[in-house]
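Data block below; observations after.
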Amino acid sequence: MKHIRHFTPFFVLCLVHVCLVHANYAPYFFDNGPSSTNGNMALLSLSEDTSVGTHVYTLNGTDPEGDPVTYGIKFEAGLRRYFAIDVNFGNVTLIEELDREKEDEIEVIVSISDGINTVDEKVRILVTDANDESPEFINTPYIVHVPEDTPSGSSILKTEAVDRDTGSGGSINYFLQNIHTNKFTIDRHSGVLRIKRGVTLDYEKSRTHFVTVVAKDGGGKLRGNNKVFSATTTVTINVEDVQDTPPMFIGTPYYGYVYEDTLAGSEVLTVIALDGDRGKPNNIHYSLVNGSESSFDINNATGAISVIKSPNQLKKEVYELKVQASELSMEGNASVYALATVIIRIVDLNNHPPTFYGENGPQNRFELTMYEHPPEGEILRGLKITVNDSDQGANAKFNLRLVGPGGIFRVVPQTVLNEAQVTIIVENSATIDYEQFQVLSFKLLAIEVNTPEKFSSTADIVIRLLDTNDNVPKFSSDYYIARIPENSPGGSNVVAVTATDPDSGLWGEVKYSIYGTGTDLFLIHPSTGIIYTQPWAVLDAEVSSKYNFYVKAEDTEGKYSLAEVFITVLDVNDHPPEFNENIQEKTMIIGSPVKIEAVDQDAEEPNNIVDYSIMQADPANVFDIDQSTGEIKLKSYIRSLDIIHNITKNKDCIWSLIVQAKDRGSPSFSTTAVLKIDITEETLHKGPMAAFLMQTKDNPMKALGVLAGVMGIMVMITIIISTVMFWRNKRSNKIMPVRRIIRKRQTHQTRAVRMEWLKFKRPSIIAEKFAIEEDTNSLKNENSNNNIQIPSLLPSAPSPPPPPIPLLAPKKNSTEWSVPTVSGSLTPTFINKQLKKKGHSSAHNALVSELKQKFEKRNAGSKNHHL
């Protein structure tokens, strides 16, 4: 039992496995129809223009048990493999190009397998057409022979082209290139070539025609685009000749000549005619119709015309013959014909050349003497010339012409028949110039015109010219430019002018003269043309450096020409530089330069360019001078008077320099001047008044004038203020202290006139912060005059002065002028240098004592008042 229990499960499993194996079903494809892109590929249609590598289909199927399936694709032996497949996914890819024209169906075996069962199916794939083929002409080349008399509209050839495509891509239409210029047309459907209606062919005009025929298909799709293909072929049409044109004479018109020594029976000329139908020409028969008068005959086969009489028997000078050329058919009958005219002239022999004759017979040299420039159109009457040719007719016709310098004379007549009087006429008078030609030589040529011999003869024409005064003296230049140094002595040569007169003899002599505003200092030699200075002339470039005048060249008859002369006087270094003063005084503020200037009166550079230098200074290493401008300044390290005091013991700071001014001329001149320089520091504020005072320090008269004007204005202001105060105090009769201390007022500031424009530096000491001035009210009496004495008893003292605050708040290190509000003198608080040095202490003590005395008096008065 134990073994049976172990055997039972195993047996059940084997039985189940056997049952499953026997129940496995084969896989199968889905049949989705011909329009589907997946399934079993049955009736799949592919266009032949499908690109290689394109995914064209997906095989799709299933296994009933749901097992995974694989796909395959096979081709029968010997067939091309067009497709490849992905065995797992069933994707079918095109690997070979399709061509419907070669293979329009492809048989393929597709398979599906679940690993146990495999199912194969044979399917047919249809290859559809694409417009990938061009039309092709067949039965080429096309060559056709057409008689020239073929009626218009007739069919002459059928062209044919085939296109292996189907549908519209395989349909063909025909047409011609350049349809408007050829004589043919084509049926667009059948390709039949015809002669255009109303057009005929002509062998004599065009023997061959070339026609280009185009075959075009109806178009179709190719790789998604609409394509139209075409092909061309050339049709050669040879036109065949037909007997429809009469003969044609070659070389018309015909002319022949019979000379006086021609023998009877001699050939005069030959006429030639050809059949107009040159493709199959007929023979030509020649005959004389009329005009021969039994004097001429013609060869019927060759067309040669002969004279059958002696020339002396011919009665006419000109014979006009009618010649007929007829075509002979194959049977020998004359058919169509043509006529031509032959002119035969009886000509005398040309055995006499033209001959020139003078008054005494034949002559080949003629001479004449005449003045130059005769009037145009004048006949040279001194020449008696006759020309003659003894031949007759055309042999006696010849031309005359002059051979030599052209355009001067012309000969009349130019054409002569037999004999004529020769006349020579002036044509260009200006060319007949004695100065160019003293002798004119020509050849008078007579040459036959229409003779083969061209006999000719010549005669020498020699014309000797006489001179006239027909030329004006002419300068070698329209203007002359000369230069002369200013220190040239009188009589110096300046420039030589030259004029020539090509006339001969006295007419060619030239006389020179000058005129114009600039000629005072110059003369000219009348014969040589040399211009030179007057013996007394002194040229000075500083006075006048440019002269301009005219020179005249005149011949003996008064004909003249002018030229302009430009003379430049060259500057010479003859002036030294000059200072306006040889001893000069300048004030130099430390930090600002002074300038010294010299002027050179020379006219040009470099003679008038001045360079400056310091020749002597003690000590020498204090000043620098600008070589070009003459500006003198202290060395850069000197910035105060203290440094100068350390350099020299000269405490007044007034130094003397010797300055040289030297020009750049050659030789060079120089001048020296003594310059005294007062060196000071700037002690004024940089304001308008300070700038003015410093600028006028070296010009005291200017400063004095300005200060006098300022003082006058201040006096006028004082008078006006005094007058106003006088009338005011007269009405009030108020008695004021003789002297009082002016303090800064808090109100009524309109009475104070502040002259801020006049400010000076002064030490900031307490005593100077107060300004003491006269009180005009205290000096006035009842009669309004100021001649009374100060009363012995002073009125009560005013209140104590405020703390020491200046009347006008001064700037740092500066003081101001103050103008009192009552009449009195203008009291400046300016303290000069001497007061600074000596009087500071004394002025301070005096002012303090006066203030102290006033305070004591005020205190005494107050005590008495209390008592």
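Residues in the structure tokens are numbered from 1 in each chain, the chains being A, B, ... in the order shown, and ligands are numbered from 1 in the order shown.
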Margin query: From a backbone DSSP assignment, name each residue in stretch 332-501 of chain A labelled helix (DSSP H, G or I), as a PyMOL selection string.
Written below: chain A and resi 393-396
Check: Skipping near chain neighbours, those fewer than 5 positions away, what residues fall within 10 Å of stretch 99-104 of chain A using only C-alpha atoms, listed as a ChimeraX atom specification?
Finding: /A:46-50,125-130,132-133,164-166
Could the residues in this selection be written to a file with C-alpha atoms, as a PDB file, in the first residue's frame?
ATOM      1  CA  LEU A  46       2.781  47.081 -53.430  1.00  0.00           C
ATOM      2  CA  SER A  47       3.704  49.948 -55.752  1.00  0.00           C
ATOM      3  CA  GLU A  48       6.817  49.331 -57.774  1.00  0.00           C
ATOM      4  CA  ASP A  49       8.317  52.625 -56.582  1.00  0.00           C
ATOM      5  CA  THR A  50       8.350  51.463 -52.945  1.00  0.00           C
ATOM      6  CA  ILE A 125       1.619  39.850 -53.794  1.00  0.00           C
ATOM      7  CA  LEU A 126       0.553  42.178 -56.571  1.00  0.00           C
ATOM      8  CA  VAL A 127       3.056  44.799 -57.842  1.00  0.00           C
ATOM      9  CA  THR A 128       1.153  47.910 -58.951  1.00  0.00           C
ATOM     10  CA  ASP A 129       2.380  50.344 -61.606  1.00  0.00           C
ATOM     11  CA  ALA A 130       4.151  53.668 -61.006  1.00  0.00           C
ATOM     12  CA  ASP A 132       8.713  55.244 -63.853  1.00  0.00           C
ATOM     13  CA  GLU A 133       9.139  54.538 -67.546  1.00  0.00           C
ATOM     14  CA  ARG A 164       5.504  50.225 -70.678  1.00  0.00           C
ATOM     15  CA  ASP A 165       3.636  51.944 -67.884  1.00  0.00           C
ATOM     16  CA  THR A 166      -0.095  51.404 -67.547  1.00  0.00           C
TER      17      THR A 166
END
Notebook entry, point to check: What lies within 12 Å of stretch 668-674 of chain A using only C-alpha atoms, ignoring chain neighbours under 2 positions off, as a VMD selection string?
Noted result: chain A and resid 572 to 586 596 to 602 606 to 617 655 to 666 676 to 677
With C-alpha atoms retained, write the just-selected residues as a tab-separated table (two decimals), in the first residue's frame.
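Saved as out-v6.tsv:
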chain	number	residue	atom	x	y	z
A	572	VAL	CA	68.02	138.99	-46.59
A	573	ASN	CA	68.76	139.03	-42.90
A	574	ASP	CA	69.60	142.73	-42.67
A	575	HIS	CA	67.68	143.73	-39.50
A	576	PRO	CA	68.67	142.75	-35.98
A	577	PRO	CA	65.99	142.14	-33.37
A	578	GLU	CA	65.07	145.31	-31.44
A	579	PHE	CA	63.70	145.75	-27.94
A	580	ASN	CA	61.34	148.66	-27.38
A	581	GLU	CA	63.66	149.75	-24.54
A	582	ASN	CA	67.19	148.70	-23.82
A	583	ILE	CA	66.63	149.02	-20.08
A	584	GLN	CA	63.32	147.67	-18.80
A	585	GLU	CA	61.79	147.26	-15.39
A	586	LYS	CA	59.35	144.49	-14.56
A	596	ILE	CA	60.17	140.56	-22.66
A	597	GLU	CA	59.74	141.01	-26.41
A	598	ALA	CA	61.96	142.00	-29.33
A	599	VAL	CA	60.83	142.57	-32.92
A	600	ASP	CA	62.81	141.71	-36.06
A	601	GLN	CA	61.79	143.82	-39.07
A	602	ASP	CA	62.92	141.25	-41.64
A	606	PRO	CA	63.70	132.42	-40.47
A	607	ASN	CA	65.20	135.91	-40.60
A	608	ASN	CA	62.40	137.37	-38.44
A	609	ILE	CA	62.17	134.51	-35.92
A	610	VAL	CA	63.67	135.60	-32.60
A	611	ASP	CA	65.17	133.32	-29.95
A	612	TYR	CA	65.68	134.59	-26.40
A	613	SER	CA	68.35	133.70	-23.89
A	614	ILE	CA	69.71	135.04	-20.59
A	615	MET	CA	73.26	136.18	-21.10
A	616	GLN	CA	74.07	137.23	-17.55
A	617	ALA	CA	72.34	136.98	-14.14
A	655	TRP	CA	67.70	141.92	-9.83
A	656	SER	CA	69.14	142.82	-13.21
A	657	LEU	CA	69.34	140.42	-16.13
A	658	ILE	CA	70.99	140.79	-19.50
A	659	VAL	CA	68.64	139.21	-22.06
A	660	GLN	CA	69.73	138.50	-25.63
A	661	ALA	CA	67.34	138.39	-28.63
A	662	LYS	CA	68.89	136.60	-31.60
A	663	ASP	CA	67.31	135.95	-35.01
A	664	ARG	CA	67.73	132.75	-37.03
A	665	GLY	CA	69.02	134.34	-40.21
A	666	SER	CA	72.36	133.78	-41.82
A	676	LYS	CA	65.35	144.84	-13.84
A	677	ILE	CA	62.99	142.53	-12.07
Checklist line | Which residue of A:Gly303, A:Gly406, A:Pro502, A:Gly705 approaches A:Glu435 most closely, using only C-alpha atoms | finding: A:Pro502
Notebook entry, point to check: Using only C-alpha atoms, which of the listed residues (A:Asn450, A:Asn131, A:Ile179, A:Val416) sits closest to A:Leu222?
Noted result: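 The answer is A:Asn131, which sits nearest to A:Leu222.
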Next item on the list: Would you please give, as a PyMOL selection string, all residues of stretch 561-710 of chain A that DSSP assigns to strand (DSSP E or B) based on the backbone?
Entry: chain A and resi 561-570+578-579+583-589+594-595+598-599+610-617+623-625+631-634+654-663+670-680
Check: Near A:Thr208, counting only C-alpha atoms, which residues have an atom at most 9 Å away, once you skip same-chain residues fewer than 6 positions from it, shown as a PyMOL selection string?
Finding: chain A and resi 236-239
Margin query: Just the number, please: distance in Å from atom CA of A:Asn487 to atom CA of A:Val569, one decimal.
Written below: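 Computing it gives 9.2 Å between the two atoms.
Using only C-alpha atoms for every distance, the candidate list A:Ser294, A:Thr423, A:Thr58, A:Asn282 yields A:Asn282 as the residue closest to A:Ser329.
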Next item on the list: Tell me, in Å to one decimal, how far atom CA of A:Glu486 is from atom CA of A:Val538.
Entry: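 If I compute the distance from atom CA of A:Glu486 to atom CA of A:Val538, I get 7.6 Å.
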Notebook entry, point to check: So which residues touch stretch 521-524 of chain A within 7 Å, counting only C-alpha atoms, skipping near sequence neighbours fewer than 6 positions away, as JSON, numbers by chain?
Noted result: {"A": [513, 514, 530, 531, 532, 533, 534, 537]}
Could you write those residues out with C-alpha atoms, as a short mmCIF file (atom, residue, chain, number, x, y, z; two decimals), in the first residue's frame?
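Saved the output as again.cif:
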data_model
loop_
_atom_site.label_atom_id
_atom_site.label_comp_id
_atom_site.auth_asym_id
_atom_site.auth_seq_id
_atom_site.Cartn_x
_atom_site.Cartn_y
_atom_site.Cartn_z
CA SER A 513 59.50 147.00 -73.60
CA ILE A 514 57.85 146.86 -70.19
CA ILE A 530 67.05 141.06 -70.25
CA ILE A 531 65.17 142.71 -67.38
CA TYR A 532 67.45 144.41 -64.83
CA THR A 533 67.10 146.84 -61.94
CA GLN A 534 67.50 150.59 -62.23
CA ALA A 537 67.10 151.03 -57.35
#
Notebook entry, point to check: With distances taken over only C-alpha atoms, which of A:Gly361, A:Pro413, A:Gly218, A:Pro535 is nearest to A:His189?
Noted result: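 Nearest to A:His189: A:Gly218.
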Note to self: Give me the residues near A:Ala325 as a PyMOL selection string, where near means some atom within 7 Å (using only C-alpha atoms) and where sequence neighbours in that chain fewer than 5 positions away do not count.
What the structure shows: chain A and resi 247+273+284-287+337-339
Keeping only C-alpha atoms, write the selected residues as an mmCIF file, in the first residue's frame.
data_model
loop_
_atom_site.group_PDB
_atom_site.id
_atom_site.type_symbol
_atom_site.label_atom_id
_atom_site.label_comp_id
_atom_site.auth_asym_id
_atom_site.auth_seq_id
_atom_site.Cartn_x
_atom_site.Cartn_y
_atom_site.Cartn_z
ATOM 1 C CA PRO A 247 16.809 77.545 -116.829
ATOM 2 C CA ALA A 273 22.678 78.795 -118.162
ATOM 3 C CA ILE A 284 20.552 73.383 -122.239
ATOM 4 C CA HIS A 285 20.276 74.560 -125.869
ATOM 5 C CA TYR A 286 21.546 78.122 -126.668
ATOM 6 C CA SER A 287 20.392 80.308 -129.576
ATOM 7 C CA TYR A 337 13.446 78.486 -121.650
ATOM 8 C CA ALA A 338 14.988 81.739 -120.381
ATOM 9 C CA LEU A 339 16.270 84.900 -122.144
#
